[in-house]
Amino acid sequence: NPNADTAWKNSPSPFWFPPPSDFARNFSSRLMSWPGRYTGDPYRADSAGPYSAESLEYDYYRESCPQAEKIVREAVRRIYGIRSDVAPSLLRLVFHDCFIEGCDASVLLDSTEVMDAEKDTPPNETLKGFEIIDVVKAEIEEVCPSVVSCADILVLAAREGLLMAGGPFYPLSTGRRDSTRSYADLATYQLPSPYGDLSDTLASFGSKGFGEREIVNLLGAHSIGVIHCKSFQSRLYNFSGTSEPDPSLDVGFLNLMRSKCSKSLSAPPSLSPAPSSSHSTFGFSSLTSEEPGIVMNYEGPSSGFGTQYYRRLLQGKGVLYADQQLMVGEETGSWVRAYASDVSLFRRDFAETMMKLSNLQVLTAPNGQVRRSCSKVA
Ligand code: HEM
Ligand SMILES: [Ca+2]
């Protein structure tokens, strides 16, 4: 597919839309030799790294802005009523923020003449939900100007969205501060690739203090939302330069995915699968947007956030290569089986890991700032 090949070459990040040939094999060795990235054992499961959330407080705004959490809750609920993609959008947004220099709203900043923004890098190309945060922030600013950080609003709003989508609750402390810059280069290289193999994924999350069990339950976030064809295209037609599909894909599932994604990514939208809100027997629906892809409402739009993601992996029906790779490892595979058969175990673990993610490397006073507009440094 010459078009996909050119698109890849033009991409500023060879790490993100890899396909050509030996990419997968070289990726982890390049990552492992990246200077200064690894401190200690990258696979340790017991620590959140060198930063801790001890300086956060429960109900930090109780005096300075007692209405803050209620405003977030009500705004997200209201928006959910009109846009059910609130949950996946905010969940992915919080992951992409916290994974890069901690939960400091660095992902929300716009590019300026002197700074490239994380949101303009290839891994964040399809990130959504910025305008949801802007709405919530504006409502809070009206009541308590310059008090509540964008970083806190983001973690609180993502929790609320997840709850609306049937996910588990987890308690959150507050008091995060906003960064004064965005880290485009780090976002480009540190966010995990959808074409990463198991060792790439373990290394990437390990560098942030997440162990195998945590990685497997965090990826359960892929129970909801949209995966565009671009993110798995090379698995369907030309996997790792072999001109063959990914051999680890279930054949029926391969055909379903091919039916959703035309062979050429540059095909005009009219050649893409017809927009429709109907659900196929696989529980996926087509997208109504122009970009073709797969909607991950595994259990249908009205049911909760559960174990289907893992059951699909057991059947070789993971949408991303990185998802399916969880079945390759002995330990990760056994967590996939555990979550596939025990939804309450998954929900408990997911809640706990989301809490850890939301507390990753937080910035607290006197560092950082409270932005007035989440997309601009104050
Ligand atoms: C190996 C790790 C991961 C990789 C490679 C990965 C990659 C991706 C990719 C490629 C997409 C589709 C983007 C698109 O096509 O528009 C996606 C969607 C998504 N990811 Fe991940 N992800 C990973 C981990 C996570 C984690 C830890 C979370 C949250 C806790 C998460 C939450 C989501 C959500 C909710 C969506 C759907 C977004 C939407 O509908 O707008 N992902 N991910
Ligand atoms: Ca960040």
# chains A, B, ... in the order shown; residues from 1 in each chain; ligands from 1
call {"tool": "residues_around", "arguments": {"residues": "stretch 168-172 of chain A", "least_positions_apart": "2", "cutoff": "10 Å", "atoms": "only C-alpha atoms", "output": "MDAnalysis selection string"}}
result
chainID A and resid 56:59 152 155:156 159:160 162:166 174 304:306 344 346:356 358:359
call {"tool": "write_last_selection", "arguments": {"atoms": "N, CA and C atoms", "output": "tab-separated table (two decimals), in the first residue's frame"}}
result
chain	number	residue	atom	x	y	z
A	56	LEU	N	-1.00	15.73	47.86
A	56	LEU	CA	-2.40	16.02	47.53
A	56	LEU	C	-3.24	15.87	48.79
A	57	GLU	N	-4.41	16.47	48.76
A	57	GLU	CA	-5.28	16.38	49.93
A	57	GLU	C	-6.68	15.99	49.51
A	58	TYR	N	-7.36	15.30	50.41
A	58	TYR	CA	-8.76	15.00	50.11
A	58	TYR	C	-9.56	16.30	50.20
A	59	ASP	N	-10.37	16.60	49.21
A	59	ASP	CA	-11.19	17.82	49.19
A	59	ASP	C	-10.36	19.09	49.40
A	152	ASP	N	-6.57	19.05	38.03
A	152	ASP	CA	-7.59	18.46	38.90
A	152	ASP	C	-8.90	18.27	38.15
A	155	VAL	N	-8.73	15.03	35.95
A	155	VAL	CA	-8.87	13.73	36.61
A	155	VAL	C	-10.27	13.54	37.18
A	156	LEU	N	-10.84	14.62	37.73
A	156	LEU	CA	-12.19	14.52	38.30
A	156	LEU	C	-13.23	14.26	37.20
A	159	ARG	N	-13.05	10.67	35.87
A	159	ARG	CA	-13.69	9.73	36.79
A	159	ARG	C	-15.21	9.77	36.62
A	160	GLU	N	-15.73	10.98	36.50
A	160	GLU	CA	-17.17	11.14	36.37
A	160	GLU	C	-17.68	10.51	35.06
A	162	LEU	N	-16.30	8.09	33.41
A	162	LEU	CA	-16.21	6.64	33.53
A	162	LEU	C	-17.41	6.09	34.30
A	163	LEU	N	-17.78	6.78	35.37
A	163	LEU	CA	-18.95	6.36	36.15
A	163	LEU	C	-20.21	6.35	35.29
A	164	MET	N	-20.36	7.39	34.48
A	164	MET	CA	-21.53	7.48	33.61
A	164	MET	C	-21.56	6.31	32.62
A	165	ALA	N	-20.38	5.86	32.21
A	165	ALA	CA	-20.31	4.75	31.25
A	165	ALA	C	-20.41	3.40	31.95
A	166	GLY	N	-20.72	3.40	33.24
A	166	GLY	CA	-20.88	2.14	33.95
A	166	GLY	C	-19.59	1.63	34.59
A	174	THR	N	-7.11	16.00	45.69
A	174	THR	CA	-6.90	17.12	44.77
A	174	THR	C	-5.76	18.01	45.26
A	304	GLY	N	-22.61	-1.96	30.78
A	304	GLY	CA	-21.47	-1.35	31.46
A	304	GLY	C	-20.10	-1.68	30.91
A	305	PHE	N	-19.18	-1.40	31.73
A	305	PHE	CA	-17.77	-1.44	31.44
A	305	PHE	C	-17.27	-2.72	32.07
A	306	GLY	N	-16.98	-3.72	31.26
A	306	GLY	CA	-16.76	-5.02	31.90
A	306	GLY	C	-15.71	-5.91	31.29
A	344	SER	N	-15.93	-8.44	38.84
A	344	SER	CA	-15.73	-7.58	40.00
A	344	SER	C	-14.24	-7.46	40.34
A	346	PHE	N	-11.93	-7.36	38.04
A	346	PHE	CA	-11.48	-6.35	37.07
A	346	PHE	C	-11.82	-4.94	37.54
A	347	ARG	N	-13.06	-4.75	37.98
A	347	ARG	CA	-13.49	-3.41	38.36
A	347	ARG	C	-12.72	-2.88	39.57
A	348	ARG	N	-12.48	-3.75	40.53
A	348	ARG	CA	-11.69	-3.33	41.71
A	348	ARG	C	-10.28	-2.94	41.29
A	349	ASP	N	-9.67	-3.80	40.49
A	349	ASP	CA	-8.30	-3.54	40.05
A	349	ASP	C	-8.22	-2.29	39.18
A	350	PHE	N	-9.20	-2.14	38.30
A	350	PHE	CA	-9.18	-0.98	37.40
A	350	PHE	C	-9.30	0.31	38.21
A	351	ALA	N	-10.19	0.31	39.20
A	351	ALA	CA	-10.37	1.49	40.04
A	351	ALA	C	-9.05	1.84	40.73
A	352	GLU	N	-8.39	0.82	41.25
A	352	GLU	CA	-7.15	1.07	41.98
A	352	GLU	C	-6.06	1.62	41.05
A	353	THR	N	-5.96	1.06	39.86
A	353	THR	CA	-4.92	1.51	38.94
A	353	THR	C	-5.23	2.89	38.39
A	354	MET	N	-6.51	3.19	38.21
A	354	MET	CA	-6.87	4.54	37.76
A	354	MET	C	-6.50	5.58	38.81
A	355	MET	N	-6.64	5.19	40.06
A	355	MET	CA	-6.26	6.08	41.15
A	355	MET	C	-4.75	6.35	41.08
A	356	LYS	N	-4.01	5.26	40.88
A	356	LYS	CA	-2.55	5.41	40.77
A	356	LYS	C	-2.18	6.27	39.56
A	358	SER	N	-3.98	8.58	38.18
A	358	SER	CA	-4.39	9.96	38.43
A	358	SER	C	-3.48	10.68	39.41
A	359	ASN	N	-2.66	9.92	40.11
A	359	ASN	CA	-1.74	10.51	41.09
A	359	ASN	C	-0.29	10.49	40.61
call {"tool": "residues_near_ligand", "arguments": {"ligand": "ligand 2", "cutoff": "8 Å", "atoms": "only C-alpha atoms and all ligand atoms", "output": "list in words"}}
result
His96, Asp97, Cys98, Phe99, Ile100, Glu101, Gly102, Cys103, Asp104, Ala105, Ser106, Val107, Ser179, Ser182 and Tyr183 of chain A
call {"tool": "residues_near_ligand", "arguments": {"ligand": "ligand 1", "cutoff": "6 Å", "atoms": "only C-alpha atoms and all ligand atoms", "output": "ChimeraX atom specification"}}
result
/A:88-89,91-92,95,126,128,192-194,201,218-219,221-222,224-228,231,322
call {"tool": "write_last_selection", "arguments": {"atoms": "N, CA and C atoms", "output": "CSV table (one decimal), in the first residue's frame"}}
result
chain,number,residue,atom,x,y,z
A,88,PRO,N,-15.1,7.8,27.0
A,88,PRO,CA,-13.8,7.4,26.3
A,88,PRO,C,-12.9,8.6,26.1
A,89,SER,N,-13.4,9.7,25.7
A,89,SER,CA,-12.6,10.8,25.4
A,89,SER,C,-11.8,11.3,26.6
A,91,LEU,N,-11.3,9.6,29.4
A,91,LEU,CA,-10.4,8.5,29.9
A,91,LEU,C,-9.1,8.5,29.2
A,92,ARG,N,-9.1,8.6,27.9
A,92,ARG,CA,-7.9,8.6,27.1
A,92,ARG,C,-7.1,9.8,27.3
A,95,PHE,N,-5.2,9.6,30.6
A,95,PHE,CA,-4.0,8.7,30.4
A,95,PHE,C,-2.9,9.4,29.7
A,126,THR,N,-5.7,11.9,17.4
A,126,THR,CA,-7.2,11.7,17.5
A,126,THR,C,-7.7,11.9,18.9
A,128,LYS,N,-9.5,13.5,22.0
A,128,LYS,CA,-10.7,14.3,22.0
A,128,LYS,C,-11.0,14.7,23.4
A,192,PRO,N,2.7,4.8,24.5
A,192,PRO,CA,2.9,3.4,23.9
A,192,PRO,C,2.3,3.4,22.5
A,193,SER,N,3.0,2.6,21.7
A,193,SER,CA,2.6,2.4,20.3
A,193,SER,C,1.5,1.3,20.1
A,194,PRO,N,0.5,1.5,19.3
A,194,PRO,CA,-0.5,0.5,19.1
A,194,PRO,C,0.1,-0.8,18.4
A,201,THR,N,5.4,-2.8,25.5
A,201,THR,CA,4.3,-2.3,26.4
A,201,THR,C,4.8,-2.4,27.8
A,218,LEU,N,-5.4,-1.9,33.1
A,218,LEU,CA,-5.6,-0.5,32.5
A,218,LEU,C,-6.0,-0.6,31.1
A,219,LEU,N,-5.5,-1.6,30.4
A,219,LEU,CA,-5.9,-1.7,29.0
A,219,LEU,C,-7.4,-2.1,28.8
A,221,ALA,N,-9.5,-0.3,29.6
A,221,ALA,CA,-10.1,1.0,29.1
A,221,ALA,C,-10.5,0.9,27.7
A,222,HIS,N,-9.9,0.0,26.9
A,222,HIS,CA,-10.3,-0.2,25.5
A,222,HIS,C,-11.6,-1.0,25.4
A,224,ILE,N,-14.3,0.7,25.8
A,224,ILE,CA,-15.1,1.7,25.3
A,224,ILE,C,-14.4,2.6,24.3
A,225,GLY,N,-15.1,3.3,23.5
A,225,GLY,CA,-14.5,4.3,22.6
A,225,GLY,C,-14.3,3.9,21.2
A,226,VAL,N,-13.5,4.6,20.5
A,226,VAL,CA,-13.3,4.4,19.0
A,226,VAL,C,-11.9,4.1,18.7
A,227,ILE,N,-11.7,3.1,17.9
A,227,ILE,CA,-10.3,2.8,17.4
A,227,ILE,C,-10.4,3.0,15.8
A,228,HIS,N,-9.7,4.0,15.3
A,228,HIS,CA,-9.7,4.2,13.9
A,228,HIS,C,-8.9,3.2,13.1
A,231,SER,N,-5.1,2.9,13.2
A,231,SER,CA,-4.4,2.4,14.4
A,231,SER,C,-4.2,0.8,14.3
A,322,ALA,N,-1.1,-4.3,20.1
A,322,ALA,CA,-0.7,-4.2,21.5
A,322,ALA,C,-1.7,-4.8,22.4
call {"tool": "atom_distance", "arguments": {"atom1": "atom CA of A:Asp200", "atom2": "atom CA of A:Glu331"}}
result
15.4 Å
call {"tool": "closest_residue", "arguments": {"among": "A:Val143, A:Ala87, A:Ala340, A:Val136", "to": "A:Gly220", "atoms": "only C-alpha atoms"}}
result
A:Ala340
call {"tool": "closest_residue", "arguments": {"among": "A:Ser173, A:Thr121, A:Asn238, A:Gln315", "to": "A:Phe253", "atoms": "only C-alpha atoms"}}
result
A:Gln315
call {"tool": "atom_distance", "arguments": {"atom1": "atom CA of A:Leu90", "atom2": "atom CA of A:Ala158"}}
result
4.8 Å
call {"tool": "select_by_dssp", "arguments": {"residues": "stretch 52-275 of chain A", "states": "strand (DSSP E or B)", "output": "ChimeraX atom specification"}}
result
/A:57,112,115,174,178,226-228
call {"tool": "write_last_selection", "arguments": {"atoms": "C-alpha atoms", "output": "JSON list (two decimals), in the first residue's frame"}}
result
[["chain", "number", "residue", "atom", "x", "y", "z"],
["A", 57, "GLU", "CA", -5.28, 16.38, 49.93],
["A", 112, "THR", "CA", 2.76, 28.55, 20.49],
["A", 115, "MET", "CA", 6.55, 25.64, 22.07],
["A", 174, "THR", "CA", -6.90, 17.12, 44.77],
["A", 178, "ASP", "CA", -0.79, 22.88, 36.05],
["A", 226, "VAL", "CA", -13.33, 4.41, 19.02],
["A", 227, "ILE", "CA", -10.35, 2.82, 17.35],
["A", 228, "HIS", "CA", -9.74, 4.24, 13.89]]
call {"tool": "residues_around", "arguments": {"residues": "A:Gln325", "least_positions_apart": "2", "cutoff": "6 Å", "atoms": "only C-alpha atoms", "output": "MDAnalysis selection string"}}
result
chainID A and resid 197:198 322:323 327:328
call {"tool": "residues_around", "arguments": {"residues": "A:Asp246", "least_positions_apart": "2", "cutoff": "7 Å", "atoms": "only C-alpha atoms", "output": "list in words"}}
result
Arg235, Leu236, Phe239, Glu244, Ser248 and Leu249 of chain A
call {"tool": "atom_distance", "arguments": {"atom1": "atom CA of A:Asn255", "atom2": "atom CA of A:Arg337"}}
result
25.0 Å
call {"tool": "decode", "arguments": {"residues": "stretch 184-209 of chain A", "atoms": "N, CA and C atoms", "output": "tab-separated table (two decimals), in the first residue's frame"}}
result
chain	number	residue	atom	x	y	z
A	184	ALA	N	6.08	18.03	23.87
A	184	ALA	CA	5.78	17.36	22.61
A	184	ALA	C	6.75	16.21	22.31
A	185	ASP	N	8.02	16.46	22.59
A	185	ASP	CA	9.01	15.42	22.28
A	185	ASP	C	8.79	14.17	23.13
A	186	LEU	N	8.50	14.37	24.40
A	186	LEU	CA	8.27	13.22	25.27
A	186	LEU	C	6.99	12.46	24.85
A	187	ALA	N	5.95	13.22	24.50
A	187	ALA	CA	4.71	12.57	24.08
A	187	ALA	C	4.96	11.72	22.84
A	188	THR	N	5.76	12.23	21.93
A	188	THR	CA	6.04	11.51	20.69
A	188	THR	C	6.70	10.16	20.96
A	189	TYR	N	7.63	10.15	21.90
A	189	TYR	CA	8.39	8.92	22.12
A	189	TYR	C	7.93	8.05	23.27
A	190	GLN	N	7.25	8.64	24.25
A	190	GLN	CA	6.93	7.83	25.43
A	190	GLN	C	5.55	7.20	25.41
A	191	LEU	N	4.62	7.78	24.68
A	191	LEU	CA	3.29	7.15	24.67
A	191	LEU	C	3.38	5.81	23.96
A	192	PRO	N	2.72	4.78	24.49
A	192	PRO	CA	2.88	3.44	23.91
A	192	PRO	C	2.32	3.37	22.49
A	193	SER	N	2.99	2.60	21.66
A	193	SER	CA	2.56	2.44	20.27
A	193	SER	C	1.53	1.33	20.15
A	194	PRO	N	0.50	1.53	19.30
A	194	PRO	CA	-0.48	0.46	19.08
A	194	PRO	C	0.13	-0.76	18.40
A	195	TYR	N	1.32	-0.58	17.83
A	195	TYR	CA	2.00	-1.70	17.19
A	195	TYR	C	3.10	-2.26	18.08
A	196	GLY	N	3.14	-1.82	19.34
A	196	GLY	CA	4.16	-2.32	20.24
A	196	GLY	C	3.92	-3.78	20.59
A	197	ASP	N	5.00	-4.54	20.74
A	197	ASP	CA	4.81	-5.92	21.20
A	197	ASP	C	4.79	-5.93	22.72
A	198	LEU	N	4.62	-7.10	23.30
A	198	LEU	CA	4.46	-7.15	24.75
A	198	LEU	C	5.63	-6.51	25.48
A	199	SER	N	6.86	-6.78	25.02
A	199	SER	CA	7.99	-6.22	25.77
A	199	SER	C	8.04	-4.70	25.64
A	200	ASP	N	7.61	-4.15	24.51
A	200	ASP	CA	7.53	-2.69	24.39
A	200	ASP	C	6.54	-2.12	25.39
A	201	THR	N	5.36	-2.76	25.46
A	201	THR	CA	4.32	-2.27	26.36
A	201	THR	C	4.77	-2.38	27.82
A	202	LEU	N	5.39	-3.51	28.16
A	202	LEU	CA	5.86	-3.68	29.54
A	202	LEU	C	6.92	-2.64	29.88
A	203	ALA	N	7.81	-2.38	28.93
A	203	ALA	CA	8.88	-1.41	29.18
A	203	ALA	C	8.30	0.00	29.32
A	204	SER	N	7.36	0.34	28.45
A	204	SER	CA	6.80	1.67	28.48
A	204	SER	C	6.07	1.95	29.80
A	205	PHE	N	5.20	1.03	30.19
A	205	PHE	CA	4.47	1.22	31.46
A	205	PHE	C	5.39	0.99	32.66
A	206	GLY	N	6.33	0.09	32.51
A	206	GLY	CA	7.26	-0.17	33.61
A	206	GLY	C	8.03	1.08	33.96
A	207	SER	N	8.37	1.88	32.96
A	207	SER	CA	9.14	3.09	33.22
A	207	SER	C	8.33	4.10	34.03
A	208	LYS	N	7.02	3.92	34.08
A	208	LYS	CA	6.17	4.80	34.88
A	208	LYS	C	5.72	4.11	36.17
A	209	GLY	N	6.28	2.95	36.44
A	209	GLY	CA	5.97	2.29	37.70
A	209	GLY	C	4.79	1.34	37.68
